[in-house]
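The file structure-v8.cif contains mmCIF, C-alpha atoms:
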```
data_final
loop_
_atom_site.label_atom_id
_atom_site.label_comp_id
_atom_site.auth_asym_id
_atom_site.auth_seq_id
_atom_site.Cartn_x
_atom_site.Cartn_y
_atom_site.Cartn_z
CA MET A 205 138.82 103.50 127.76
CA ILE A 206 141.31 105.78 125.97
CA PRO A 207 144.16 106.85 128.27
CA GLU A 208 145.29 110.46 128.44
CA ALA A 209 148.71 109.37 127.17
CA LEU A 210 147.12 108.20 123.91
CA ARG A 211 145.44 111.56 123.49
CA GLN A 212 148.86 113.19 123.89
CA CYS A 213 150.21 110.89 121.21
CA ILE A 214 147.43 111.90 118.82
CA GLU A 215 148.12 115.60 119.53
CA TRP A 216 151.78 115.00 118.71
CA TYR A 217 150.83 113.06 115.57
CA VAL A 218 148.70 115.86 114.14
CA SER A 219 150.89 118.75 115.30
CA ALA A 220 151.69 121.21 112.53
CA GLY A 221 155.24 121.80 113.66
CA GLY A 222 157.46 123.21 116.38
CA LEU A 223 157.44 119.83 118.04
CA SER A 224 159.32 118.96 121.16
CA VAL A 225 160.55 115.38 121.35
CA PRO A 226 158.19 113.38 123.58
CA ASP A 227 159.47 111.85 126.81
CA ALA A 228 161.84 108.93 126.40
CA ASP A 229 159.40 106.62 128.18
CA GLN A 230 156.95 107.17 125.33
CA TYR A 231 159.15 107.84 122.34
CA CYS A 232 161.93 105.87 120.60
CA GLN A 233 164.23 107.86 118.36
CA THR A 234 166.12 104.76 117.26
CA ARG A 235 165.29 101.15 116.45
CA ASP A 236 167.51 100.01 119.32
CA ALA A 237 165.49 102.09 121.77
CA PHE A 238 162.27 100.66 120.36
CA GLU A 239 163.43 97.08 120.65
CA GLY A 240 164.64 97.68 124.18
CA ARG A 241 161.17 98.86 125.15
CA LEU A 242 159.58 95.76 123.62
CA ALA A 243 161.14 93.78 126.46
CA ARG A 244 159.36 96.05 128.94
CA LEU A 245 156.05 95.57 127.14
CA LEU A 246 156.48 91.80 127.31
CA ALA A 247 157.32 91.94 131.02
CA ASP A 248 154.50 94.33 131.91
CA ALA A 249 151.94 92.35 129.88
CA ALA A 250 152.90 89.24 131.82
CA ASN A 251 152.85 91.13 135.12
CA VAL A 252 149.19 92.09 134.69
CA GLY A 253 148.23 88.50 133.99
CA LEU A 254 148.32 88.09 130.24
CA PRO A 255 149.25 84.47 129.43
CA GLU A 256 152.79 84.06 128.10
CA ALA A 257 151.57 83.00 124.63
CA ASP A 258 149.33 86.05 124.29
CA ALA A 259 152.01 88.38 125.64
CA ALA A 260 154.49 86.97 123.13
CA LEU A 261 152.08 87.33 120.22
CA LEU A 262 151.16 90.92 121.07
CA THR A 263 154.82 91.81 121.57
CA ALA A 264 155.55 90.35 118.13
CA VAL A 265 152.66 92.39 116.71
CA ALA A 266 154.04 95.57 118.30
CA GLY A 267 157.49 94.63 117.01
CA GLU A 268 156.27 94.31 113.44
CA ILE A 269 154.37 97.61 113.55
CA GLY A 270 157.15 99.59 115.24
CA ASN A 271 159.91 98.20 113.07
CA ASN A 272 157.88 99.24 110.04
CA SER A 273 158.26 102.84 111.22
CA PHE A 274 162.02 102.49 110.84
CA ASP A 275 162.05 100.16 107.81
CA HIS A 276 159.93 102.50 105.72
CA ASN A 277 160.97 105.93 106.96
CA LEU A 278 164.74 105.89 107.34
CA GLY A 279 165.85 108.72 105.08
CA HIS A 280 162.27 109.94 104.71
CA TRP A 281 161.32 111.36 108.12
CA ARG A 282 159.05 114.39 107.89
CA ASP A 283 160.65 116.03 110.94
CA GLN A 284 161.31 113.91 114.04
CA PRO A 285 162.95 110.52 113.47
CA GLY A 286 161.56 107.60 115.41
CA CYS A 287 158.23 106.44 116.71
CA TYR A 288 155.90 107.02 119.60
CA PHE A 289 155.56 103.72 121.48
CA ALA A 290 153.54 103.50 124.66
CA TYR A 291 151.04 101.23 126.30
CA ALA A 292 148.62 100.95 129.17
CA ALA A 293 148.11 97.64 130.91
CA ASP A 294 145.89 96.62 133.78
CA ALA A 295 144.07 93.50 134.84
CA SER A 296 141.32 93.91 132.26
CA GLU A 297 142.90 95.45 129.19
CA LEU A 298 146.14 96.02 127.32
CA LEU A 299 146.38 98.93 124.90
CA VAL A 300 149.49 99.54 122.79
CA TRP A 301 149.90 102.51 120.50
CA ILE A 302 152.64 103.24 117.99
CA ALA A 303 152.84 106.33 115.81
CA ASP A 304 155.30 108.02 113.51
CA ARG A 305 155.39 111.22 111.50
CA GLY A 306 156.94 109.46 108.54
CA ARG A 307 155.80 109.46 104.94
CA GLY A 308 152.85 107.12 105.49
CA VAL A 309 151.75 103.86 103.92
CA LEU A 310 150.64 105.35 100.60
CA ALA A 311 153.94 107.03 99.78
CA SER A 312 155.82 103.90 100.82
CA LEU A 313 153.71 101.49 98.78
CA GLN A 314 153.83 103.73 95.73
CA GLN A 315 157.41 102.56 95.31
CA ALA A 316 156.09 99.07 94.59
CA VAL A 317 152.70 100.07 93.11
CA PRO A 318 153.19 103.43 91.35
CA ALA A 319 149.54 103.63 90.25
CA LEU A 320 148.35 103.63 93.85
CA SER A 321 146.86 107.02 94.72
CA ASP A 322 144.48 106.54 97.63
CA HIS A 323 145.40 106.39 101.34
CA GLN A 324 142.55 104.04 102.21
CA GLN A 325 143.36 101.64 99.42
CA ALA A 326 147.02 101.67 100.40
CA LEU A 327 146.27 100.90 104.04
CA GLU A 328 144.00 98.00 103.13
CA MET A 329 146.59 96.67 100.71
CA ALA A 330 149.30 96.83 103.36
CA PHE A 331 147.36 94.60 105.74
CA GLU A 332 145.89 92.24 103.18
CA ARG A 333 148.41 91.68 100.41
CA ILE A 334 152.03 90.56 100.28
CA VAL A 335 153.41 93.85 99.04
CA SER A 336 156.01 96.17 100.49
CA GLY A 337 157.31 99.65 99.92
CA ARG A 338 160.81 98.22 100.17
CA HIS A 339 160.56 97.02 96.57
CA PRO A 340 162.43 95.13 95.11
CA GLU A 341 163.23 93.44 98.41
CA ARG A 342 161.03 90.41 99.11
CA ARG A 343 159.05 91.70 102.07
CA GLY A 344 155.49 92.45 103.04
CA ASN A 345 154.47 89.62 105.34
CA GLY A 346 154.67 91.45 108.68
CA LEU A 347 151.29 93.17 108.58
CA LYS A 348 149.62 89.98 107.35
CA PHE A 349 150.96 88.36 110.51
CA VAL A 350 149.52 91.26 112.51
CA ARG A 351 146.11 90.85 110.94
CA SER A 352 146.14 87.09 111.48
CA VAL A 353 147.05 87.39 115.16
CA ILE A 354 144.45 90.08 115.83
CA ASN A 355 141.68 88.21 114.01
CA ALA A 356 142.48 84.94 115.79
CA ASP A 357 140.89 86.09 119.07
CA ARG A 358 137.63 88.03 119.47
CA ASP A 359 139.13 89.89 122.45
CA ARG A 360 141.75 91.54 120.26
CA GLY A 361 141.41 94.50 117.96
CA LEU A 362 143.37 97.03 115.96
CA VAL A 363 142.85 100.49 114.51
CA SER A 364 145.35 101.93 112.06
CA VAL A 365 145.33 105.32 110.39
CA SER A 366 147.81 106.47 107.80
CA GLY A 367 147.43 109.74 105.98
CA ARG A 368 143.73 109.97 105.15
CA GLY A 369 143.11 106.24 105.44
CA LYS A 370 141.59 104.45 108.43
CA LEU A 371 141.17 100.74 109.10
CA ALA A 372 139.86 98.63 112.00
CA PHE A 373 139.61 94.88 112.42
CA GLY A 374 139.38 92.19 115.05
CA GLY A 375 136.60 91.67 117.58
CA LEU A 376 137.63 94.76 119.52
CA GLY A 377 138.21 96.81 116.38
CA PRO A 378 134.83 98.56 116.28
CA ALA A 379 135.03 99.52 119.99
CA LEU A 380 138.55 100.87 119.57
CA LEU A 381 137.48 102.76 116.46
CA GLY A 382 134.61 104.41 118.30
CA SER A 383 136.59 105.22 121.42
CA THR A 384 138.11 108.45 120.17
CA GLY A 385 138.40 110.67 117.15
CA TRP A 386 141.03 109.46 114.70
CA PRO A 387 143.12 111.97 112.75
CA THR A 388 142.73 111.56 109.00
CA GLU A 389 143.25 115.09 107.75
CA GLN A 390 146.94 114.94 106.94
CA ASP A 391 148.96 113.28 104.19
CA TYR A 392 151.70 111.72 106.32
CA GLY A 393 152.37 109.36 109.15
CA THR A 394 150.97 106.18 110.62
CA LEU A 395 149.19 105.68 113.95
CA THR A 396 148.17 102.25 115.20
CA LEU A 397 146.33 101.15 118.34
CA VAL A 398 146.26 97.50 119.38
CA GLY A 399 143.91 96.33 122.11
CA CYS A 400 143.45 93.10 124.05
CA LYS A 401 140.76 92.49 126.67
CA GLY A 402 140.10 89.85 129.26
CA LEU A 403 143.57 89.41 130.66
CA MET B 5 174.15 70.80 113.73
CA ILE B 6 171.87 72.50 116.23
CA ILE B 7 171.80 76.28 116.70
CA GLN B 8 170.53 77.46 120.08
CA VAL B 9 168.64 80.50 118.84
CA SER B 10 168.18 81.87 122.36
CA LYS B 11 171.87 82.79 122.34
CA PHE B 12 170.90 85.53 119.88
CA GLY B 13 168.24 86.97 122.18
CA GLU B 14 164.87 86.36 123.80
CA ILE B 15 162.97 88.81 121.56
CA LEU B 16 163.70 88.43 117.85
CA VAL B 17 161.58 90.71 115.71
CA SER B 18 163.41 93.00 113.27
CA ARG B 19 164.80 92.39 109.80
CA PRO B 20 168.17 94.06 110.48
CA ALA B 21 168.69 91.83 113.52
CA GLY B 22 167.58 88.77 111.55
CA ARG B 23 169.99 89.57 108.76
CA GLU B 24 172.89 90.05 111.17
CA HIS B 25 172.06 86.89 113.09
CA ALA B 26 171.72 84.87 109.89
CA LEU B 27 175.15 86.00 108.69
CA ILE B 28 176.65 84.94 112.01
CA MET B 29 174.83 81.60 111.88
CA ARG B 30 176.04 80.97 108.34
CA SER B 31 179.65 81.69 109.19
CA SER B 32 179.80 80.06 112.61
CA PHE B 33 177.56 77.00 112.37
CA ARG B 34 178.34 74.77 109.43
CA PRO B 35 176.95 71.27 109.02
CA ALA B 36 179.79 68.75 108.99
CA THR B 37 178.51 66.90 105.91
CA GLU B 38 176.39 67.56 102.83
CA GLU B 39 173.58 65.54 104.42
CA GLU B 40 173.54 66.98 107.92
CA PHE B 41 170.58 69.20 108.84
CA LEU B 42 170.89 72.67 110.33
CA GLU B 43 168.36 72.66 113.16
CA LEU B 44 167.15 75.87 114.79
CA ASP B 45 166.23 75.26 118.42
CA PHE B 46 164.00 78.05 119.76
CA ALA B 47 163.89 76.83 123.37
CA GLY B 48 164.29 79.86 125.61
CA VAL B 49 163.21 82.34 122.94
CA ARG B 50 160.13 84.28 124.09
CA VAL B 51 159.12 86.29 121.00
CA VAL B 52 159.66 85.69 117.29
CA ALA B 53 158.21 87.85 114.51
CA PRO B 54 158.04 86.89 110.83
CA SER B 55 160.35 89.70 109.70
CA TRP B 56 163.24 88.33 111.78
CA LEU B 57 162.43 84.74 110.83
CA ASP B 58 162.16 85.51 107.12
CA GLU B 59 165.64 87.02 107.06
CA VAL B 60 167.15 84.03 108.89
CA LEU B 61 165.42 81.28 106.92
CA THR B 62 165.93 82.95 103.56
CA LEU B 63 169.64 83.45 103.99
CA LEU B 64 170.32 80.04 105.52
CA ARG B 65 168.21 78.24 102.91
CA GLU B 66 170.14 79.96 100.14
CA GLU B 67 173.13 78.08 101.51
CA TYR B 68 171.62 74.84 102.81
CA GLY B 69 168.20 74.54 101.18
CA ASP B 70 165.67 72.26 102.84
CA ARG B 71 168.26 71.06 105.33
CA VAL B 72 167.42 74.13 107.45
CA ILE B 73 164.59 73.27 109.85
CA CYS B 74 162.96 74.74 112.93
CA LEU B 75 162.72 72.18 115.71
CA PRO B 76 159.19 71.67 117.07
CA CYS B 77 158.39 74.32 119.66
CA ALA B 78 155.27 75.45 121.53
CA ASN B 79 156.14 79.13 121.24
CA GLU B 80 153.00 80.54 119.65
CA SER B 81 154.77 83.53 118.10
CA LEU B 82 157.12 81.13 116.29
CA VAL B 83 154.23 78.92 115.16
CA GLN B 84 152.28 81.89 113.80
CA SER B 85 155.37 83.40 112.17
CA LEU B 86 156.07 80.13 110.38
CA LYS B 87 152.47 79.96 109.19
CA THR B 88 152.74 83.52 107.91
CA LEU B 89 155.84 82.69 105.93
CA GLU B 90 154.27 79.48 104.69
CA ALA B 91 157.54 77.94 105.63
CA LEU B 92 156.39 74.99 107.65
CA PRO B 93 159.46 72.91 108.39
CA PRO B 94 159.99 69.61 106.58
CA GLU B 95 160.03 66.41 108.52
CA PRO B 96 163.25 66.07 110.51
CA PRO B 97 165.58 63.27 109.49
CA ALA B 98 164.74 59.82 110.84
#
```

Written as structure tokens, that's how I'd like the structure from this file.
Amino acid sequence: MIPEALRQCIEWYVSAGGLSVPDADQYCQTRDAFEGRLARLLADAANVGLPEADAALLTAVAGEIGNNSFDHNLGHWRDQPGCYFAYAADASELLVWIADRGRGVLASLQQAVPALSDHQQALEMAFERIVSGRHPERRGNGLKFVRSVINADRDRGLVSVSGRGKLAFGGLGPALLGSTGWPTEQDYGTLTLVGCKGL
Amino acid sequence: MIIQVSKFGEILVSRPAGREHALIMRSSFRPATEEEFLELDFAGVRVVAPSWLDEVLTLLREEYGDRVICLPCANESLVQSLKTLEALPPEPPA
């Protein structure tokens, strides 16, 4: 179920240092590159038979998650700027994964909620409450949209890890969660896997 | 005044793009009267995310208030984005 390319992404995500920049077909150093690749995701999702409405919704979900990498990490990158963005699509399943080695959800949300001290609590807050690390800007609705779209269809699921926190939801969430080992031993970064079955 | 949103792109997801597009809309598309609505037509747009939409609606509504509306559209990503923002459009003028 888990493609080799996702395993490579996880290895990159947990790497201690001395990183080489991943291939351009899997990594976006700039927001422009990321948004350009969203068009390819939309086209490829449609090409394997995903209905246009579902392809649009999952592209919007990927857009929200990937843009968060840039919105919350510009000026705060740990080492490599940008985000890993890759996907695998066939007639039965679409998997999309996005990862960054940024400061993570906890450090970002602490700007709005200084008392926050737990990675797990921060991750849950990010997906469930209208709060954003870009305080005092009025933001924080993107991940609520993500959660709503994923939970609207039992054949969708999401796993997100950030720092030492880990969260899964949607009908496919438990299967995605159990499909591989998820890295939760570091204090940085965000890694998200979105899945959709039954194309 | 109708704005053909598709002229700004088929995939509209990020806040920076939404901010830039909203500034262009505000400067280039002005209702002719104090009563005229500013109608956003999403025909031809394939993907909308709430971050982009929030930037556009917030900036335009600062200028034109409830006269900014999204024309009815079957695009599910627009429908879900509007629900997320709790910014369901008011009834269009009769």

Give me, as a PDB file with C-alpha atoms, in the coordinates of the input, the contact residues of chain A against chain B at a cut-off of 10 Å, counting all atoms listed in the file.
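Full text of out-v4.pdb as output:
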```pdb
ATOM      1  CA  ARG A 235     165.290 101.150 116.450  1.00  0.00           C
ATOM      2  CA  GLU A 239     163.430  97.080 120.650  1.00  0.00           C
ATOM      3  CA  GLY A 240     164.640  97.680 124.180  1.00  0.00           C
ATOM      4  CA  LEU A 242     159.580  95.760 123.620  1.00  0.00           C
ATOM      5  CA  ALA A 243     161.140  93.780 126.460  1.00  0.00           C
ATOM      6  CA  LEU A 246     156.480  91.800 127.310  1.00  0.00           C
ATOM      7  CA  GLU A 256     152.790  84.060 128.100  1.00  0.00           C
ATOM      8  CA  ALA A 257     151.570  83.000 124.630  1.00  0.00           C
ATOM      9  CA  ASP A 258     149.330  86.050 124.290  1.00  0.00           C
ATOM     10  CA  ALA A 259     152.010  88.380 125.640  1.00  0.00           C
ATOM     11  CA  ALA A 260     154.490  86.970 123.130  1.00  0.00           C
ATOM     12  CA  LEU A 261     152.080  87.330 120.220  1.00  0.00           C
ATOM     13  CA  LEU A 262     151.160  90.920 121.070  1.00  0.00           C
ATOM     14  CA  THR A 263     154.820  91.810 121.570  1.00  0.00           C
ATOM     15  CA  ALA A 264     155.550  90.350 118.130  1.00  0.00           C
ATOM     16  CA  VAL A 265     152.660  92.390 116.710  1.00  0.00           C
ATOM     17  CA  ALA A 266     154.040  95.570 118.300  1.00  0.00           C
ATOM     18  CA  GLY A 267     157.490  94.630 117.010  1.00  0.00           C
ATOM     19  CA  GLU A 268     156.270  94.310 113.440  1.00  0.00           C
ATOM     20  CA  GLY A 270     157.150  99.590 115.240  1.00  0.00           C
ATOM     21  CA  ASN A 271     159.910  98.200 113.070  1.00  0.00           C
ATOM     22  CA  ASN A 272     157.880  99.240 110.040  1.00  0.00           C
ATOM     23  CA  PHE A 274     162.020 102.490 110.840  1.00  0.00           C
ATOM     24  CA  ASP A 275     162.050 100.160 107.810  1.00  0.00           C
ATOM     25  CA  ARG A 342     161.030  90.410  99.110  1.00  0.00           C
ATOM     26  CA  ARG A 343     159.050  91.700 102.070  1.00  0.00           C
ATOM     27  CA  GLY A 344     155.490  92.450 103.040  1.00  0.00           C
ATOM     28  CA  ASN A 345     154.470  89.620 105.340  1.00  0.00           C
ATOM     29  CA  GLY A 346     154.670  91.450 108.680  1.00  0.00           C
ATOM     30  CA  LEU A 347     151.290  93.170 108.580  1.00  0.00           C
ATOM     31  CA  LYS A 348     149.620  89.980 107.350  1.00  0.00           C
ATOM     32  CA  PHE A 349     150.960  88.360 110.510  1.00  0.00           C
ATOM     33  CA  VAL A 350     149.520  91.260 112.510  1.00  0.00           C
ATOM     34  CA  SER A 352     146.140  87.090 111.480  1.00  0.00           C
ATOM     35  CA  VAL A 353     147.050  87.390 115.160  1.00  0.00           C
TER      36      VAL A 353
END
```

Original post:
What gap, in Å, lies between CA of Ala250 in chain A and CA of Ile302 in chain A?
Top reply: 19.7 Å

Could you list the residues chosen by the PyMOL selection byres ((chain A and resi 223) around 12) in this structure as a PDB file with C-alpha atoms, keeping the file's coordinate frame?
```
ATOM      1  CA  CYS A 213     150.210 110.890 121.210  1.00  0.00           C
ATOM      2  CA  GLU A 215     148.120 115.600 119.530  1.00  0.00           C
ATOM      3  CA  TRP A 216     151.780 115.000 118.710  1.00  0.00           C
ATOM      4  CA  TYR A 217     150.830 113.060 115.570  1.00  0.00           C
ATOM      5  CA  VAL A 218     148.700 115.860 114.140  1.00  0.00           C
ATOM      6  CA  SER A 219     150.890 118.750 115.300  1.00  0.00           C
ATOM      7  CA  ALA A 220     151.690 121.210 112.530  1.00  0.00           C
ATOM      8  CA  GLY A 221     155.240 121.800 113.660  1.00  0.00           C
ATOM      9  CA  GLY A 222     157.460 123.210 116.380  1.00  0.00           C
ATOM     10  CA  SER A 224     159.320 118.960 121.160  1.00  0.00           C
ATOM     11  CA  VAL A 225     160.550 115.380 121.350  1.00  0.00           C
ATOM     12  CA  PRO A 226     158.190 113.380 123.580  1.00  0.00           C
ATOM     13  CA  ARG A 282     159.050 114.390 107.890  1.00  0.00           C
ATOM     14  CA  ASP A 283     160.650 116.030 110.940  1.00  0.00           C
ATOM     15  CA  GLN A 284     161.310 113.910 114.040  1.00  0.00           C
ATOM     16  CA  PRO A 285     162.950 110.520 113.470  1.00  0.00           C
ATOM     17  CA  ARG A 305     155.390 111.220 111.500  1.00  0.00           C
TER      18      ARG A 305
END
```

Original post:
Can you list what the PyMOL selection byres ((chain A and resi 372) around 12) grabs from this structure, as a ChimeraX atom specification?
Top reply: /A:324,327-328,331,351,354-355,360-366,369-371,373-383,386,395-399

Could you please take those selected residues and save C-alpha atoms as a PDB file, in the coordinates of the input?
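Saved the output as part_29.pdb:
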```pdb
ATOM      1  CA  GLN A 324     142.550 104.040 102.210  1.00  0.00           C
ATOM      2  CA  LEU A 327     146.270 100.900 104.040  1.00  0.00           C
ATOM      3  CA  GLU A 328     144.000  98.000 103.130  1.00  0.00           C
ATOM      4  CA  PHE A 331     147.360  94.600 105.740  1.00  0.00           C
ATOM      5  CA  ARG A 351     146.110  90.850 110.940  1.00  0.00           C
ATOM      6  CA  ILE A 354     144.450  90.080 115.830  1.00  0.00           C
ATOM      7  CA  ASN A 355     141.680  88.210 114.010  1.00  0.00           C
ATOM      8  CA  ARG A 360     141.750  91.540 120.260  1.00  0.00           C
ATOM      9  CA  GLY A 361     141.410  94.500 117.960  1.00  0.00           C
ATOM     10  CA  LEU A 362     143.370  97.030 115.960  1.00  0.00           C
ATOM     11  CA  VAL A 363     142.850 100.490 114.510  1.00  0.00           C
ATOM     12  CA  SER A 364     145.350 101.930 112.060  1.00  0.00           C
ATOM     13  CA  VAL A 365     145.330 105.320 110.390  1.00  0.00           C
ATOM     14  CA  SER A 366     147.810 106.470 107.800  1.00  0.00           C
ATOM     15  CA  GLY A 369     143.110 106.240 105.440  1.00  0.00           C
ATOM     16  CA  LYS A 370     141.590 104.450 108.430  1.00  0.00           C
ATOM     17  CA  LEU A 371     141.170 100.740 109.100  1.00  0.00           C
ATOM     18  CA  PHE A 373     139.610  94.880 112.420  1.00  0.00           C
ATOM     19  CA  GLY A 374     139.380  92.190 115.050  1.00  0.00           C
ATOM     20  CA  GLY A 375     136.600  91.670 117.580  1.00  0.00           C
ATOM     21  CA  LEU A 376     137.630  94.760 119.520  1.00  0.00           C
ATOM     22  CA  GLY A 377     138.210  96.810 116.380  1.00  0.00           C
ATOM     23  CA  PRO A 378     134.830  98.560 116.280  1.00  0.00           C
ATOM     24  CA  ALA A 379     135.030  99.520 119.990  1.00  0.00           C
ATOM     25  CA  LEU A 380     138.550 100.870 119.570  1.00  0.00           C
ATOM     26  CA  LEU A 381     137.480 102.760 116.460  1.00  0.00           C
ATOM     27  CA  GLY A 382     134.610 104.410 118.300  1.00  0.00           C
ATOM     28  CA  SER A 383     136.590 105.220 121.420  1.00  0.00           C
ATOM     29  CA  TRP A 386     141.030 109.460 114.700  1.00  0.00           C
ATOM     30  CA  LEU A 395     149.190 105.680 113.950  1.00  0.00           C
ATOM     31  CA  THR A 396     148.170 102.250 115.200  1.00  0.00           C
ATOM     32  CA  LEU A 397     146.330 101.150 118.340  1.00  0.00           C
ATOM     33  CA  VAL A 398     146.260  97.500 119.380  1.00  0.00           C
ATOM     34  CA  GLY A 399     143.910  96.330 122.110  1.00  0.00           C
TER      35      GLY A 399
END
```

**OP:** Please evaluate the PyMOL selection byres ((chain A and resi 308) around 8) against the structure above and give the resulting residues as a PyMOL selection string.
**Re:** chain A and resi 305-307+309-312+366-367+391-394

Subject >> Atomic separation - CA of Gly286 in chain A relative to CA of Gln315 in chain A, Å >> reply: 21.1 Å

Original post:
Which is closer to Leu75 in chain B than all the others in B:Val60, B:Glu43, B:Ala21, B:Arg30, using all atoms listed in the file?
Top reply: B:Glu43
